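Heads up, the thing below is written out as structure tokens.
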Amino acid sequence: MTTHTERVLSGMRPTGKLHLGHYHGVLKNWVALQDEYPCLFFVADWHALTTHYEETRDIEHFTIDMLIDWLAAGIDPEKATLFIQSKIVQHAELHLLLSMMTPLSWLERVPTYRDQIEKLAGRDLATYGFLGYPLLMSADILIYRADKVPVGEDQIPHIEFTRELARRFNHMYGSEPDFEEKAKAAAKKMGGRAARRLEELRVRFRQEGDAAALIEARAILREAGSLSQTDRERLAGYLEGTGKTILPEPTALLTDASRMPGIDGQKMSKSYGNTISLREDEVSVIQKIRRMPTDPSRVRRSDVGDPEKCPVWRLHLVYSDDACREWAQKACRTAGIGCLECKQPVIDAILAEQGPMRERARAYIDKPSRVREIIEEGNAKARRLAEECMEDVRNAMSLNHG
Ligand code: TRP
Ligand code: SF4
């Protein structure tokens with residue numbers, strides 16, 4: 001059971017099979033969140049196109065591989081909603097509408113824009129889609145009225161951009177013609193007493209500028225458990241005279257950067273070629289760890305070593321308990337063990353971590369139709385939520401033509 005009502009949303013570009021760095025950095029966090037919040041996790045396949053528009057061939061199988069990795073890591077489709085961005089066309093509609101009111105200068109000054117162009121110097125990124133990367137991300141987030149968005153540090157400017165854009169949108173289109181009636185109907189849902197009290201406090205705040213009245217009124221709203229997010233926002237706007245919040249501002253849930261080292265001691269990353277994939281074959285895991293470099297001054301078995309200079313030690317810090325670390329440290333510094341012996345507990349721990357993942361993945365690999373079912377269910381649910389939001393957006397922008 002989830003313990004919160006706020007909605008969590010996050011996405012990942014389909015870059016193919018995930019590795020243990022993704023697991024320790026992102027997926028473990030998602031798995032924990034799904035027990036606390038209603039969660040939406042999606043494959044950002046359109047975002048992959050912003051940099052790789054010339055090579056679309058791999059997108060579909062990268063998407064499936066990645067989804068199987070999520071499921072293998074313990075993302076539970078009974079708890080979280082999994083979907084594919086491009087299957088929810090409403091994202092594109094919101095992206096288009098937002099693009100009309102997004103100042104170019106806001107996009108140009110997002111720090112990742114220039115950074116990425118420099119970093120990916122081999123590609124022609126002077127495209128409209130690439131400039132719009134943060135805007136598409138804003139549409140992904142705002143369309144689900146997500147409250148919390150778990151992301152790494154590099155994505156924080158995009159969340160900030162999203163917040164500014166939501167504010168601009170609400171300010172521009174946040175006055176519904178029947179706003180007052182809707183707000184009053186929402187108040188009724190809190191029950192007669194609370195509604196009357198809220199109205200008293202509203203008048204005191206709006207007519208006499210009574211700040212204490214506003215504080216009390218906000219507390220009443222916060223505690224009114226029966227209100228939907230939309231009604232709560234609507235009442236807040238009514239109370240404070242700011243109109244309706246059509247697109248609530250999300251907040252970032254900063255994911256701790258993964259300290260997962262690769263098999264060369266640098267941060268684990270596909271571009272360094274130092275990864276162990278989530279469901280890597282056992283033999284290959286054993287080989288990779290056995291061949292890992294160690295403290296270069298430990299040439300012979302009888303040479304003492306220094307764990308601080310050894311990449312294997314960094315894996316002990318991720319995988320071993322205190323007793324095992326103590327054993328490895330001491331024995332390394334006194335040449336009491338050989339490096340292969342020291343590596344064995346790390347190998348065992350990685351294999352133990354991967355065991356259940358491999359097993360969960362097996363069920364989906366044997367029955368690919370199950371993955372398709374999960375995605376179709378997730379897509380349908382996401383589409384319903386996205387369409388609900390778009391109806392409000394179209395209404396607010398007078399594009400309903402009804
Ligand atoms: N830009 C994100 C990344 O590269 C992926 C992403 C796309 C995303 N849309 C999103 C993340 C919406 C969170 C919310 O990691
Ligand atoms: Fe590294 Fe362990 Fe060998 Fe020491 S004994 S150098 S910590 S692998």
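As shown in the structure tokens, the chain order sets the letters A, B, ...; within each chain, residues go from 1, and ligands are also counted from 1 in the order they appear.
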
| said: As a quick test: using only C-alpha atoms and all ligand atoms, which residues lie no more than 8 Å away from ligand 1? Give them as a ChimeraX atom specification. | reply: /A:9-13,43-44,47,133-134,136-138,140-141,149-152,155,158

Include N, CA, C and O atoms and write out the residues we just selected as a compact mmCIF listing (two decimals), in the first residue's frame.
```
# COMPACT_ATOMS: atom_id res chain seq x y z
N LEU A 9 6.80 10.70 -10.75
CA LEU A 9 6.98 10.35 -12.16
C LEU A 9 8.45 10.43 -12.53
O LEU A 9 9.15 11.34 -12.11
N SER A 10 8.91 9.44 -13.28
CA SER A 10 10.27 9.57 -13.83
C SER A 10 10.40 8.79 -15.13
O SER A 10 9.60 7.90 -15.39
N GLY A 11 11.37 9.17 -15.90
CA GLY A 11 11.58 8.52 -17.20
C GLY A 11 13.05 8.26 -17.45
O GLY A 11 13.92 8.82 -16.80
N MET A 12 13.29 7.36 -18.39
CA MET A 12 14.66 7.03 -18.76
C MET A 12 14.71 6.87 -20.28
O MET A 12 13.79 6.28 -20.86
N ARG A 13 15.76 7.38 -20.88
CA ARG A 13 15.90 7.16 -22.33
C ARG A 13 16.29 5.71 -22.60
O ARG A 13 17.07 5.14 -21.84
N VAL A 43 9.38 5.02 -20.53
CA VAL A 43 10.52 4.98 -21.44
C VAL A 43 10.44 6.23 -22.32
O VAL A 43 9.47 6.42 -23.07
N ALA A 44 11.45 7.09 -22.21
CA ALA A 44 11.43 8.36 -22.92
C ALA A 44 12.02 8.16 -24.32
O ALA A 44 13.12 8.62 -24.63
N HIS A 47 12.70 11.25 -26.35
CA HIS A 47 13.91 11.96 -25.92
C HIS A 47 15.17 11.36 -26.54
O HIS A 47 16.14 12.06 -26.77
N TYR A 133 14.41 19.86 -25.94
CA TYR A 133 14.51 18.72 -25.00
C TYR A 133 13.86 19.02 -23.64
O TYR A 133 13.00 18.27 -23.16
N PRO A 134 14.22 20.15 -22.99
CA PRO A 134 13.63 20.41 -21.66
C PRO A 134 12.12 20.67 -21.74
O PRO A 134 11.40 20.37 -20.80
N LEU A 136 9.99 19.24 -23.86
CA LEU A 136 9.33 17.93 -23.96
C LEU A 136 9.29 17.27 -22.58
O LEU A 136 8.29 16.68 -22.18
N MET A 137 10.37 17.43 -21.85
CA MET A 137 10.42 16.87 -20.50
C MET A 137 9.38 17.56 -19.60
O MET A 137 8.72 16.90 -18.79
N SER A 138 9.21 18.86 -19.77
CA SER A 138 8.18 19.57 -18.99
C SER A 138 6.80 19.01 -19.30
O SER A 138 5.98 18.81 -18.39
N ASP A 140 6.09 16.02 -20.30
CA ASP A 140 6.01 14.69 -19.66
C ASP A 140 5.57 14.81 -18.21
O ASP A 140 4.81 13.98 -17.71
N ILE A 141 6.12 15.79 -17.54
CA ILE A 141 5.89 15.92 -16.09
C ILE A 141 4.53 16.57 -15.82
O ILE A 141 3.73 16.08 -15.03
N VAL A 149 9.58 14.34 -8.79
CA VAL A 149 10.27 13.79 -9.95
C VAL A 149 11.68 13.36 -9.55
O VAL A 149 12.56 14.20 -9.38
N PRO A 150 11.89 12.06 -9.34
CA PRO A 150 13.24 11.61 -9.00
C PRO A 150 14.17 11.73 -10.21
O PRO A 150 13.88 11.15 -11.26
N VAL A 151 15.22 12.50 -10.04
CA VAL A 151 16.19 12.68 -11.13
C VAL A 151 17.58 12.85 -10.54
O VAL A 151 17.73 13.18 -9.37
N GLY A 152 18.57 12.67 -11.38
CA GLY A 152 19.95 12.94 -11.00
C GLY A 152 20.20 14.44 -11.07
O GLY A 152 19.40 15.21 -11.62
N GLN A 155 19.76 16.75 -14.10
CA GLN A 155 18.42 17.07 -14.61
C GLN A 155 17.72 18.19 -13.82
O GLN A 155 16.62 18.61 -14.18
N HIS A 158 16.30 21.16 -15.57
CA HIS A 158 15.08 20.88 -16.34
C HIS A 158 13.83 20.95 -15.46
O HIS A 158 12.77 21.35 -15.91
```

| message | For ligand 2, return the neighbouring residues as a PyMOL selection string (distance at most 9 Å; only C-alpha atoms and all ligand atoms). | response | chain A and resi 292-298+301+304-314+316+328-333+335-343

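Compared by their closest atoms to Ile88 in chain A, and using only C-alpha atoms, the residues A:Asp58, A:Glu376, A:Glu353, A:Glu391 rank with A:Glu376 nearest.
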
Taking 2 positions as the minimum chain separation for residues in the same chain, which residues sit within 10 Å of Val26 in chain A when counting only C-alpha atoms? Answer as a compact mmCIF listing (two decimals) with all heavy atoms, in the first residue's frame.
```txt
# COMPACT_ATOMS: atom_id res chain seq x y z
N MET A 12 13.29 7.36 -18.39
CA MET A 12 14.66 7.03 -18.76
C MET A 12 14.71 6.87 -20.28
O MET A 12 13.79 6.28 -20.86
CB MET A 12 15.02 5.68 -18.12
CG MET A 12 16.33 5.63 -17.41
SD MET A 12 16.70 3.93 -16.93
CE MET A 12 16.35 3.99 -15.19
N LEU A 20 24.88 -2.27 -13.51
CA LEU A 20 24.73 -2.18 -12.05
C LEU A 20 24.80 -0.75 -11.54
O LEU A 20 24.27 -0.43 -10.47
CB LEU A 20 25.78 -3.06 -11.36
CG LEU A 20 25.56 -4.57 -11.56
CD1 LEU A 20 26.70 -5.37 -10.90
CD2 LEU A 20 24.21 -5.03 -11.00
N GLY A 21 25.42 0.13 -12.31
CA GLY A 21 25.42 1.55 -11.95
C GLY A 21 24.01 2.11 -11.98
O GLY A 21 23.60 2.85 -11.09
N HIS A 22 23.23 1.74 -13.02
CA HIS A 22 21.83 2.17 -13.07
C HIS A 22 21.05 1.60 -11.90
O HIS A 22 20.18 2.25 -11.34
CB HIS A 22 21.14 1.68 -14.36
CG HIS A 22 21.69 2.28 -15.61
ND1 HIS A 22 22.35 1.53 -16.55
CD2 HIS A 22 21.67 3.54 -16.10
CE1 HIS A 22 22.71 2.31 -17.56
NE2 HIS A 22 22.31 3.53 -17.31
N TYR A 23 21.37 0.35 -11.56
CA TYR A 23 20.64 -0.30 -10.47
C TYR A 23 20.88 0.44 -9.16
O TYR A 23 19.93 0.84 -8.47
CB TYR A 23 21.04 -1.77 -10.35
CG TYR A 23 20.33 -2.47 -9.20
CD1 TYR A 23 18.96 -2.63 -9.23
CD2 TYR A 23 21.05 -2.91 -8.09
CE1 TYR A 23 18.29 -3.23 -8.16
CE2 TYR A 23 20.39 -3.51 -7.02
CZ TYR A 23 19.02 -3.67 -7.07
OH TYR A 23 18.36 -4.24 -6.01
N HIS A 24 22.16 0.65 -8.82
CA HIS A 24 22.46 1.29 -7.55
C HIS A 24 22.11 2.78 -7.56
O HIS A 24 21.81 3.36 -6.51
CB HIS A 24 23.93 1.07 -7.16
CG HIS A 24 24.18 -0.32 -6.69
ND1 HIS A 24 24.08 -0.70 -5.39
CD2 HIS A 24 24.46 -1.47 -7.39
CE1 HIS A 24 24.31 -2.00 -5.27
NE2 HIS A 24 24.54 -2.48 -6.48
N LYS A 28 17.08 1.08 -7.71
CA LYS A 28 16.82 0.72 -6.32
C LYS A 28 15.93 1.77 -5.67
O LYS A 28 15.03 1.46 -4.89
CB LYS A 28 18.15 0.64 -5.55
CG LYS A 28 18.46 -0.78 -5.20
CD LYS A 28 19.74 -1.09 -4.47
CE LYS A 28 20.50 -0.04 -3.75
NZ LYS A 28 21.77 -0.55 -3.18
N ASN A 29 16.19 3.02 -6.05
CA ASN A 29 15.38 4.13 -5.55
C ASN A 29 13.93 4.05 -6.04
O ASN A 29 12.98 4.23 -5.29
CB ASN A 29 16.08 5.41 -6.02
CG ASN A 29 15.45 6.66 -5.48
OD1 ASN A 29 15.04 7.51 -6.26
ND2 ASN A 29 15.33 6.79 -4.20
N TRP A 30 13.76 3.74 -7.30
CA TRP A 30 12.39 3.57 -7.85
C TRP A 30 11.66 2.44 -7.13
O TRP A 30 10.48 2.56 -6.80
CB TRP A 30 12.44 3.24 -9.35
CG TRP A 30 12.80 4.39 -10.25
CD1 TRP A 30 13.30 5.61 -9.88
CD2 TRP A 30 12.69 4.42 -11.68
NE1 TRP A 30 13.50 6.39 -10.99
CE2 TRP A 30 13.15 5.68 -12.11
CE3 TRP A 30 12.27 3.49 -12.64
CZ2 TRP A 30 13.19 6.05 -13.45
CZ3 TRP A 30 12.31 3.85 -13.98
CH2 TRP A 30 12.76 5.12 -14.38
N VAL A 31 12.37 1.36 -6.90
CA VAL A 31 11.74 0.21 -6.24
C VAL A 31 11.25 0.61 -4.84
O VAL A 31 10.17 0.22 -4.41
CB VAL A 31 12.72 -0.99 -6.17
CG1 VAL A 31 12.19 -2.10 -5.28
CG2 VAL A 31 12.99 -1.53 -7.57
N PRO A 150 11.89 12.06 -9.34
CA PRO A 150 13.24 11.61 -9.00
C PRO A 150 14.17 11.73 -10.21
O PRO A 150 13.88 11.15 -11.26
CB PRO A 150 13.06 10.13 -8.59
CG PRO A 150 11.68 9.74 -8.99
CD PRO A 150 10.91 10.95 -9.38
N VAL A 151 15.22 12.50 -10.04
CA VAL A 151 16.19 12.68 -11.13
C VAL A 151 17.58 12.85 -10.54
O VAL A 151 17.73 13.18 -9.37
CB VAL A 151 15.90 13.95 -11.98
CG1 VAL A 151 14.73 13.75 -12.92
CG2 VAL A 151 15.71 15.17 -11.10
N GLY A 152 18.57 12.67 -11.38
CA GLY A 152 19.95 12.94 -11.00
C GLY A 152 20.20 14.44 -11.07
O GLY A 152 19.40 15.21 -11.62
N THR A 255 18.17 12.23 -6.67
CA THR A 255 18.72 10.89 -6.49
C THR A 255 20.21 11.02 -6.22
O THR A 255 20.91 11.68 -6.99
CB THR A 255 18.53 10.07 -7.78
OG1 THR A 255 17.19 10.23 -8.22
CG2 THR A 255 18.83 8.61 -7.56
N ASP A 256 20.67 10.41 -5.13
CA ASP A 256 22.11 10.44 -4.85
C ASP A 256 22.87 9.88 -6.02
O ASP A 256 22.51 8.82 -6.53
CB ASP A 256 22.42 9.56 -3.63
CG ASP A 256 22.37 10.37 -2.36
OD1 ASP A 256 22.45 11.61 -2.46
OD2 ASP A 256 22.25 9.77 -1.27
N ALA A 257 23.92 10.57 -6.41
CA ALA A 257 24.71 10.07 -7.53
C ALA A 257 25.23 8.67 -7.16
O ALA A 257 25.63 8.44 -6.03
CB ALA A 257 25.87 11.00 -7.80
N SER A 258 25.17 7.78 -8.11
CA SER A 258 25.64 6.43 -7.84
C SER A 258 27.14 6.44 -7.61
O SER A 258 27.88 7.04 -8.37
CB SER A 258 25.32 5.55 -9.04
OG SER A 258 26.09 4.38 -8.98
```

| task | Pull the alpha helix (DSSP H) assignments for range 106-295 of chain A out of DSSP run on the backbone, and list those residues as a ChimeraX atom specification. | result | /A:106-108,111-119,128-131,133-142,156-173,179-188,192-208,211-223,229-240,282-290

Give me, as a JSON list (two decimals) with C-alpha atoms, in the first residue's frame, all polymer residues having an atom no more than 10 Å from Ala396 in chain A, counting only C-alpha atoms and skipping those fewer than 4 positions away in the same chain.
```
[["chain", "number", "residue", "atom", "x", "y", "z"],
["A", 169, "PHE", "CA", 1.05, 28.90, -18.01],
["A", 170, "ASN", "CA", -1.13, 29.21, -14.91],
["A", 172, "MET", "CA", -1.71, 33.21, -18.50],
["A", 173, "TYR", "CA", -4.61, 30.76, -18.63],
["A", 174, "GLY", "CA", -5.54, 30.18, -14.99],
["A", 175, "SER", "CA", -8.82, 32.02, -14.91],
["A", 176, "GLU", "CA", -11.69, 29.73, -15.79],
["A", 177, "PRO", "CA", -14.96, 31.52, -16.56],
["A", 244, "LYS", "CA", -6.80, 28.14, -10.82],
["A", 246, "ILE", "CA", -4.05, 24.10, -14.05],
["A", 390, "MET", "CA", -5.38, 17.90, -21.55],
["A", 391, "GLU", "CA", -9.12, 18.51, -21.22],
["A", 392, "ASP", "CA", -8.40, 21.13, -18.59],
["A", 400, "ASN", "CA", -12.34, 22.92, -26.77]]
```

| message | List as a list in words the protein and nucleic acid residues near range 378-380 of chain A, meaning an atom at most 7 Å away when only C-alpha atoms are counted, but skip any in the same chain fewer than 3 places from it. | response | Thr81, Leu82, Phe83, Ile84, Lys87, Ile88, Ile374, Ile375, Arg383 and Arg384 of chain A

| query | Of the candidates A:Tyr144, A:Arg300, A:Glu54, A:Ala48, which one gets nearest to Leu94 in chain A if we count only C-alpha atoms? | reply | A:Tyr144

| task | Pick out the residues sitting within 10 Å of Ala186 in chain A, and hand them over as a PyMOL selection string; count only C-alpha atoms, and ignore anything fewer than 5 positions along from it in its own chain. | result | chain A and resi 180-181+191+195+227-228+230-232+234-235

Would you export the selected residues with N, CA, C and O atoms as a PDB file, in the first residue's frame, please?
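Wrote again-v8.pdb, looks like this:
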```
ATOM      1  N   GLU A 180     -15.432  30.413  -9.945  1.00  0.00           N
ATOM      2  CA  GLU A 180     -16.003  30.554  -8.620  1.00  0.00           C
ATOM      3  C   GLU A 180     -16.981  29.419  -8.285  1.00  0.00           C
ATOM      4  O   GLU A 180     -16.940  28.863  -7.194  1.00  0.00           O
ATOM      5  N   GLU A 181     -17.804  29.069  -9.265  1.00  0.00           N
ATOM      6  CA  GLU A 181     -18.770  27.976  -9.019  1.00  0.00           C
ATOM      7  C   GLU A 181     -18.025  26.675  -8.729  1.00  0.00           C
ATOM      8  O   GLU A 181     -18.384  25.924  -7.826  1.00  0.00           O
ATOM      9  N   GLY A 191     -17.406  19.113   3.326  1.00  0.00           N
ATOM     10  CA  GLY A 191     -18.417  19.096   4.388  1.00  0.00           C
ATOM     11  C   GLY A 191     -18.801  20.518   4.747  1.00  0.00           C
ATOM     12  O   GLY A 191     -18.018  21.455   4.575  1.00  0.00           O
ATOM     13  N   ALA A 195     -16.437  23.984   5.011  1.00  0.00           N
ATOM     14  CA  ALA A 195     -16.668  24.894   3.888  1.00  0.00           C
ATOM     15  C   ALA A 195     -17.032  26.293   4.405  1.00  0.00           C
ATOM     16  O   ALA A 195     -16.546  27.305   3.897  1.00  0.00           O
ATOM     17  N   LEU A 227     -10.189  15.685  -0.629  1.00  0.00           N
ATOM     18  CA  LEU A 227     -10.111  16.510  -1.846  1.00  0.00           C
ATOM     19  C   LEU A 227      -9.136  15.955  -2.872  1.00  0.00           C
ATOM     20  O   LEU A 227      -8.062  15.475  -2.511  1.00  0.00           O
ATOM     21  N   SER A 228      -9.500  16.048  -4.128  1.00  0.00           N
ATOM     22  CA  SER A 228      -8.552  15.678  -5.178  1.00  0.00           C
ATOM     23  C   SER A 228      -7.529  16.806  -5.313  1.00  0.00           C
ATOM     24  O   SER A 228      -7.748  17.921  -4.854  1.00  0.00           O
ATOM     25  N   THR A 230      -6.783  18.456  -7.923  1.00  0.00           N
ATOM     26  CA  THR A 230      -7.337  19.561  -8.711  1.00  0.00           C
ATOM     27  C   THR A 230      -8.208  20.460  -7.838  1.00  0.00           C
ATOM     28  O   THR A 230      -8.098  21.688  -7.891  1.00  0.00           O
ATOM     29  N   ASP A 231      -9.070  19.825  -7.028  1.00  0.00           N
ATOM     30  CA  ASP A 231      -9.935  20.623  -6.167  1.00  0.00           C
ATOM     31  C   ASP A 231      -9.134  21.415  -5.140  1.00  0.00           C
ATOM     32  O   ASP A 231      -9.442  22.563  -4.844  1.00  0.00           O
ATOM     33  N   ARG A 232      -8.100  20.773  -4.634  1.00  0.00           N
ATOM     34  CA  ARG A 232      -7.275  21.447  -3.633  1.00  0.00           C
ATOM     35  C   ARG A 232      -6.609  22.688  -4.243  1.00  0.00           C
ATOM     36  O   ARG A 232      -6.606  23.765  -3.663  1.00  0.00           O
ATOM     37  N   ARG A 234      -7.612  24.297  -6.838  1.00  0.00           N
ATOM     38  CA  ARG A 234      -8.665  25.244  -7.194  1.00  0.00           C
ATOM     39  C   ARG A 234      -9.049  26.089  -5.974  1.00  0.00           C
ATOM     40  O   ARG A 234      -9.149  27.311  -6.038  1.00  0.00           O
ATOM     41  N   LEU A 235      -9.210  25.401  -4.839  1.00  0.00           N
ATOM     42  CA  LEU A 235      -9.588  26.106  -3.620  1.00  0.00           C
ATOM     43  C   LEU A 235      -8.476  27.038  -3.147  1.00  0.00           C
ATOM     44  O   LEU A 235      -8.747  28.132  -2.659  1.00  0.00           O
TER      45      LEU A 235
END
```

| Residues within 9 Å of Asp210 in chain A, only C-alpha atoms, excluding chain neighbours under 5 positions, as a count of residues only | 3

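CA of Val393 in chain A sits 28.2 Å away from CA of Thr112 in chain A.
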
| said: I'd like to know which residues of range 29-175 of chain A are strand (DSSP E or B) (by DSSP, run on the backbone); could you write them as a ChimeraX atom specification? | reply: /A:39-43,80-84,148-151
